[in-house]
Structures are given as structure tokens and as C-alpha cells.
>>> print(open('input-v7.cif').read())   # mmCIF, C-alpha atoms
data_protein
#
loop_
_atom_site.group_PDB
_atom_site.id
_atom_site.type_symbol
_atom_site.label_atom_id
_atom_site.label_comp_id
_atom_site.auth_asym_id
_atom_site.auth_seq_id
_atom_site.Cartn_x
_atom_site.Cartn_y
_atom_site.Cartn_z
ATOM 1 C CA MET V 1499 0.000 0.000 0.000
ATOM 2 C CA SER V 1500 1.453 3.323 -1.043
ATOM 3 C CA CYS V 1501 1.302 6.213 1.381
ATOM 4 C CA SER V 1502 2.936 8.930 -0.697
ATOM 5 C CA GLY V 1503 0.697 11.960 -0.800
ATOM 6 C CA ASN V 1504 -2.007 10.216 1.238
ATOM 7 C CA SER V 1505 -3.592 12.762 3.569
ATOM 8 C CA LYS V 1506 -5.331 9.906 5.425
ATOM 9 C CA SER V 1507 -2.099 8.457 6.836
ATOM 10 C CA TYR V 1508 -2.666 9.996 10.269
ATOM 11 C CA GLN V 1509 -6.397 9.366 10.595
ATOM 12 C CA LYS V 1510 -7.761 7.124 13.309
ATOM 13 C CA SER V 1511 -8.649 3.491 12.618
ATOM 14 C CA CYS V 1512 -10.234 0.815 14.779
ATOM 15 C CA VAL V 1513 -10.781 -2.930 14.542
ATOM 16 C CA ARG V 1514 -12.475 -5.088 17.148
ATOM 17 C CA TYR V 1515 -13.534 -8.699 16.744
ATOM 18 C CA PHE V 1516 -15.298 -11.230 18.965
ATOM 19 C CA ASN V 1517 -14.597 -14.935 18.504
ATOM 20 C CA ASN V 1518 -16.634 -17.458 20.482
ATOM 21 C CA SER V 1519 -15.605 -20.533 18.505
ATOM 22 C CA PRO V 1520 -13.728 -22.783 20.958
ATOM 23 C CA GLN V 1521 -9.965 -22.811 20.416
ATOM 24 C CA ALA V 1522 -8.245 -25.842 21.961
ATOM 25 C CA LEU V 1523 -5.284 -25.355 24.284
ATOM 26 C CA ALA V 1524 -3.191 -28.500 24.651
ATOM 27 C CA ALA V 1525 -0.741 -29.000 27.509
ATOM 28 C CA ASN V 1526 2.816 -27.790 26.900
ATOM 29 C CA ALA V 1527 1.958 -25.869 23.733
ATOM 30 C CA ALA V 1528 1.959 -22.367 22.271
ATOM 31 C CA THR V 1529 -1.240 -21.647 20.362
ATOM 32 C CA VAL V 1530 -1.636 -18.699 17.993
ATOM 33 C CA LEU V 1531 -5.229 -17.653 18.585
ATOM 34 C CA THR V 1532 -7.696 -16.859 15.830
ATOM 35 C CA LEU V 1533 -8.706 -13.226 16.273
ATOM 36 C CA ALA V 1534 -11.216 -12.854 13.448
ATOM 37 C CA GLY V 1535 -14.725 -13.930 14.295
ATOM 38 C CA ALA V 1536 -17.745 -11.675 14.505
ATOM 39 C CA LYS V 1537 -16.839 -8.146 13.435
ATOM 40 C CA VAL V 1538 -17.699 -5.561 16.063
ATOM 41 C CA VAL V 1539 -16.057 -2.659 14.213
ATOM 42 C CA ASN V 1540 -13.640 -2.335 11.318
ATOM 43 C CA SER V 1541 -13.149 1.306 10.442
ATOM 44 C CA GLY V 1542 -10.348 3.213 8.736
ATOM 45 C CA GLU V 1543 -7.436 2.311 6.506
ATOM 46 C CA SER V 1544 -4.516 1.828 8.917
ATOM 47 C CA ILE V 1545 -5.223 -1.750 10.053
ATOM 48 C CA GLN V 1546 -5.799 -4.941 8.079
ATOM 49 C CA VAL V 1547 -7.389 -8.037 9.604
ATOM 50 C CA GLU V 1548 -6.237 -11.593 8.960
ATOM 51 C CA PRO V 1549 -7.705 -14.637 10.753
ATOM 52 C CA GLN V 1550 -4.798 -14.814 13.235
ATOM 53 C CA SER V 1551 -3.381 -11.283 13.111
ATOM 54 C CA TYR V 1552 -3.878 -7.565 12.935
ATOM 55 C CA ASP V 1553 -1.523 -5.853 10.503
ATOM 56 C CA THR V 1554 -0.683 -2.155 10.648
ATOM 57 C CA VAL V 1555 0.072 -0.281 7.456
ATOM 58 C CA LYS V 1556 0.529 3.270 8.767
ATOM 59 C CA ILE V 1557 2.763 4.916 11.371
ATOM 60 C CA GLY V 1558 1.181 6.223 14.550
ATOM 61 C CA LEU V 1559 0.166 5.582 18.135
ATOM 62 C CA TYR V 1560 -1.835 2.365 18.646
ATOM 63 C CA HIS V 1561 -3.751 0.740 21.519
ATOM 64 C CA LEU V 1562 -3.804 -3.092 21.523
ATOM 65 C CA VAL V 1563 -6.195 -5.084 23.733
ATOM 66 C CA ALA V 1564 -7.425 -8.643 24.377
ATOM 67 C CA ASP V 1565 -9.938 -10.238 26.730
ATOM 68 C CA ALA V 1566 -10.149 -14.027 26.871
ATOM 69 C CA VAL V 1567 -12.282 -16.530 28.745
ATOM 70 C CA ILE V 1568 -10.577 -19.888 29.224
ATOM 71 C CA THR V 1569 -12.537 -23.010 30.189
ATOM 72 C CA SER V 1570 -9.975 -25.307 31.742
ATOM 73 C CA SER V 1571 -9.948 -29.093 31.637
ATOM 74 C CA ALA V 1572 -6.659 -29.533 33.526
ATOM 75 C CA ALA V 1573 -4.946 -27.345 36.132
ATOM 76 C CA GLY V 1574 -1.728 -25.521 35.376
ATOM 77 C CA GLU V 1575 -0.240 -22.227 34.268
ATOM 78 C CA LEU V 1576 -1.296 -20.343 31.159
ATOM 79 C CA THR V 1577 0.395 -17.300 29.639
ATOM 80 C CA LEU V 1578 -1.370 -14.915 27.282
ATOM 81 C CA GLN V 1579 0.793 -12.446 25.367
ATOM 82 C CA TRP V 1580 0.747 -10.252 22.250
ATOM 83 C CA TYR V 1581 3.604 -10.543 19.749
ATOM 84 C CA MET V 1582 4.726 -7.973 17.171
ATOM 85 C CA ASP V 1583 6.455 -9.496 14.142
ATOM 86 C CA GLY V 1584 7.097 -12.663 16.158
ATOM 87 C CA VAL V 1585 8.664 -10.831 19.133
ATOM 88 C CA ALA V 1586 6.879 -10.866 22.509
ATOM 89 C CA LEU V 1587 5.617 -7.516 23.796
ATOM 90 C CA PRO V 1588 6.719 -7.576 27.474
ATOM 91 C CA CYS V 1589 4.003 -5.243 28.794
ATOM 92 C CA THR V 1590 1.292 -7.610 27.532
ATOM 93 C CA LEU V 1591 2.466 -10.726 29.416
ATOM 94 C CA ARG V 1592 -0.283 -12.163 31.645
ATOM 95 C CA LYS V 1593 0.128 -15.402 33.597
ATOM 96 C CA VAL V 1594 -2.747 -17.161 35.333
ATOM 97 C CA THR V 1595 -3.134 -20.441 37.148
ATOM 98 C CA LEU V 1596 -5.984 -22.425 35.674
ATOM 99 C CA PRO V 1597 -8.094 -24.560 37.996
ATOM 100 C CA ALA V 1598 -8.764 -28.212 37.116
ATOM 101 C CA THR V 1599 -12.182 -27.139 35.794
ATOM 102 C CA GLY V 1600 -13.953 -23.823 35.457
ATOM 103 C CA ASN V 1601 -13.590 -20.479 33.729
ATOM 104 C CA THR V 1602 -10.742 -17.970 33.993
ATOM 105 C CA GLU V 1603 -10.797 -14.469 32.516
ATOM 106 C CA ILE V 1604 -7.618 -12.770 31.268
ATOM 107 C CA HIS V 1605 -7.117 -9.175 30.114
ATOM 108 C CA THR V 1606 -4.073 -7.593 28.491
ATOM 109 C CA GLU V 1607 -3.456 -4.267 26.774
ATOM 110 C CA THR V 1608 -0.718 -1.848 25.807
ATOM 111 C CA GLU V 1609 0.043 1.232 23.740
ATOM 112 C CA LEU V 1610 2.637 1.263 20.956
ATOM 113 C CA ALA V 1611 4.257 4.086 19.024
ATOM 114 C CA LEU V 1612 5.047 2.764 15.547
ATOM 115 C CA PRO V 1613 7.456 5.159 13.813
ATOM 116 C CA GLY V 1614 8.673 4.943 10.253
ATOM 117 C CA CYS V 1615 10.623 6.822 7.636
ATOM 118 C CA CYS V 1616 7.441 7.701 5.765
ATOM 119 C CA CYS V 1617 3.778 7.302 6.596
ATOM 120 C CA CYS V 1618 3.838 3.525 5.925
ATOM 121 C CA VAL V 1619 4.863 0.877 8.415
ATOM 122 C CA ASN V 1620 4.134 -2.840 8.345
ATOM 123 C CA HIS V 1621 3.820 -4.798 11.571
ATOM 124 C CA THR V 1622 1.931 -7.991 12.362
ATOM 125 C CA PHE V 1623 0.329 -8.548 15.772
ATOM 126 C CA THR V 1624 -0.582 -12.042 16.979
ATOM 127 C CA LEU V 1625 -1.953 -13.261 20.306
ATOM 128 C CA ILE V 1626 -0.433 -16.443 21.721
ATOM 129 C CA ALA V 1627 -1.654 -18.624 24.589
ATOM 130 C CA THR V 1628 1.077 -20.820 26.071
ATOM 131 C CA THR V 1629 0.399 -23.634 28.523
ATOM 132 C CA ASP V 1630 2.751 -25.412 30.887
ATOM 133 C CA SER V 1631 3.109 -29.205 30.948
ATOM 134 C CA THR V 1632 -0.235 -29.742 32.714
ATOM 135 C CA ALA V 1633 -2.634 -26.921 31.774
ATOM 136 C CA ALA V 1634 -5.277 -27.574 29.112
ATOM 137 C CA GLY V 1635 -8.666 -26.300 28.045
ATOM 138 C CA ASN V 1636 -10.328 -24.053 25.492
ATOM 139 C CA VAL V 1637 -10.482 -20.350 24.764
ATOM 140 C CA VAL V 1638 -14.267 -20.014 24.585
ATOM 141 C CA GLU V 1639 -14.547 -16.231 24.232
ATOM 142 C CA LEU V 1640 -11.985 -13.890 22.731
ATOM 143 C CA CYS V 1641 -12.508 -10.166 22.234
ATOM 144 C CA THR V 1642 -9.564 -8.320 20.680
ATOM 145 C CA GLY V 1643 -8.949 -4.935 19.184
ATOM 146 C CA LEU V 1644 -6.406 -2.546 17.742
ATOM 147 C CA LEU V 1645 -7.051 1.192 17.724
ATOM 148 C CA LYS V 1646 -4.944 3.778 15.914
ATOM 149 C CA LEU V 1647 -5.079 6.783 18.215
ATOM 150 C CA ALA V 1648 -3.053 9.246 16.175
#
>>> encode(input="input-v7.cif", output="C-alpha cells")
Amino acid sequence: MSCSGNSKSYQKSCVRYFNNSPQALAANAATVLTLAGAKVVNSGESIQVEPQSYDTVKIGLYHLVADAVITSSAAGELTLQWYMDGVALPCTLRKVTLPATGNTEIHTETELALPGCCCCVNHTFTLIATTDSTAAGNVVELCTGLLKLA
């Protein structure tokens, strides 16, 4: 996508999706979660949506968020974290201890300044759930979003 001469490069954009299709979490595994599900909002030109990622195409200040409900089938530790271009974003790391059965809610969010040499920048954001050797279950509700603030 070319940004040269595009006066829209600094306009706000927002995507938010809700996915309530169960996503299995096996013990001792890292699972890239499927973000795309039911569209809540998809507005603007700065963010593209893929099934398992949000991709930015313009420089700016962004707000990244995720809320997940995990139904556990085995106790253990679960980590939920956003990654940018395959690199973990430290401020988004959330660890929880799952009970043997039941639901656990997890929330993570952060802001990111994405600079570039022109108005274009390409970054891919994925959300990964990682279980220890005993934790297992399903992500039964996932609400995620990326907002370009400026």
C-alpha cells in the first residue's frame, strides 16, 4: 500500500472482533489464537485483519487489547501475550493459574508508538496462549482490538 501523498495516513482506525468458537489449548503448547470472528467494528485504513493477526500499514500511536475466557480441563499455568512481528511484547504478558475445571478471565493491553521513515509501516500482531506441561482447556470467548489513536 502506497502512502505517498495520502492525507489519510494519520487518521484514526479501529478494529475489534469477537470470537466465540472454541480454540483448543493443549498441555505444553503455544497456540496462535484466531482473532477474526464476529466483526464488532472495522473502520479506517490503517489496520488490516487476517484470521490470526492484525496488521498495521501506517505509522502512529496504537492501543492493543485482548480479553479471553478460558474453560480449563486440567490445572496448570497459562500465559497470554501479544507478539509484534514474532517478538513478545513484554508489557502484555499475563500469567494465570488455571483450575482443574472452570472459567478464567484474562485481560491484556498496551500502547505502541510505531514510527517509520514515511507514513507507511508494516507490523503484524498475533496473540499467543502458552500452557505449561499440565494446563489444558479451550479459549471459549476472545474479544480483541487494535485502535490507531493518532
>>> residues_near_point(input="input-v7.cif", point="(-11.0, -20.2, 19.5)", cutoff="7 Å", atoms="only C-alpha atoms", output="PyMOL selection string")
chain V and resi 1517-1522+1531-1532+1637-1638
>>> residues_around(input="input-v7.cif", residues="Thr1606 in chain V", least_positions_apart="3", cutoff="8 Å", atoms="only C-alpha atoms", output="PyMOL selection string")
chain V and resi 1563-1565+1578-1579+1590-1592
>>> resolve_selection(input="input-v7.cif", expression="the PyMOL selection byres ((chain V and resi 1545) around 8)", output="VMD selection string")
chain V and resid 1511 to 1513 1542 to 1544 1546 to 1547 1552 to 1556 1644
>>> residues_near_point(input="input-v7.cif", point="(-18.8, -7.7, 18.1)", cutoff="9 Å", atoms="only C-alpha atoms", output="ChimeraX atom specification")
/V:1514-1517,1535-1539,1641
>>> closest_residue(input="input-v7.cif", among="V:Leu1559, V:Leu1647, V:Ala1525, V:Ile1626", to="Leu1596 in chain V", atoms="all atoms listed in the file")
V:Ala1525
>>> axis_aligned_box(input="input-v7.cif", around="range 1550-1569 of chain V", padding_each_side="3 Å", output="JSON")
{"center_x": -4.9, "center_y": -8.4, "center_z": 18.8, "size_x": 21.3, "size_y": 35.2, "size_z": 28.7}
>>> resolve_selection(input="input-v7.cif", expression="the PyMOL selection byres ((chain V and resi 1648) around 10)", output="PyMOL selection string")
chain V and resi 1507-1511+1557-1560+1611+1645-1647
>>> closest_residue(input="input-v7.cif", among="V:Ala1566, V:Leu1533, V:Phe1623, V:Ala1573", to="Glu1639 in chain V", atoms="all atoms listed in the file")
V:Ala1566
>>> closest_residue(input="input-v7.cif", among="V:Ile1604, V:Leu1523, V:Val1530, V:Thr1599", to="Gly1584 in chain V", atoms="all atoms listed in the file")
V:Val1530
>>> atom_distance(input="input-v7.cif", atom1="CA of Ala1627 in chain V", atom2="CA of Thr1529 in chain V")
5.2 Å
>>> residues_around(input="input-v7.cif", residues="Ser1570 in chain V", least_positions_apart="4", cutoff="8 Å", atoms="only C-alpha atoms", output="PyMOL selection string")
chain V and resi 1596-1602+1633-1636
>>> atom_distance(input="input-v7.cif", atom1="CA of Thr1595 in chain V", atom2="CA of Thr1629 in chain V")
9.9 Å
>>> closest_residue(input="input-v7.cif", among="V:Thr1642, V:Thr1569, V:Gln1550, V:Asn1526", to="Glu1603 in chain V", atoms="all atoms listed in the file")
V:Thr1569
>>> atom_distance(input="input-v7.cif", atom1="CA of Ala1534 in chain V", atom2="CA of Glu1575 in chain V")
25.3 Å
>>> closest_residue(input="input-v7.cif", among="V:Val1567, V:Lys1593, V:Met1582, V:Cys1615", to="Asp1630 in chain V", atoms="all atoms listed in the file")
V:Lys1593
>>> closest_residue(input="input-v7.cif", among="V:Val1594, V:Leu1640, V:His1561, V:Ser1541", to="Gly1574 in chain V", atoms="only C-alpha atoms")
V:Val1594
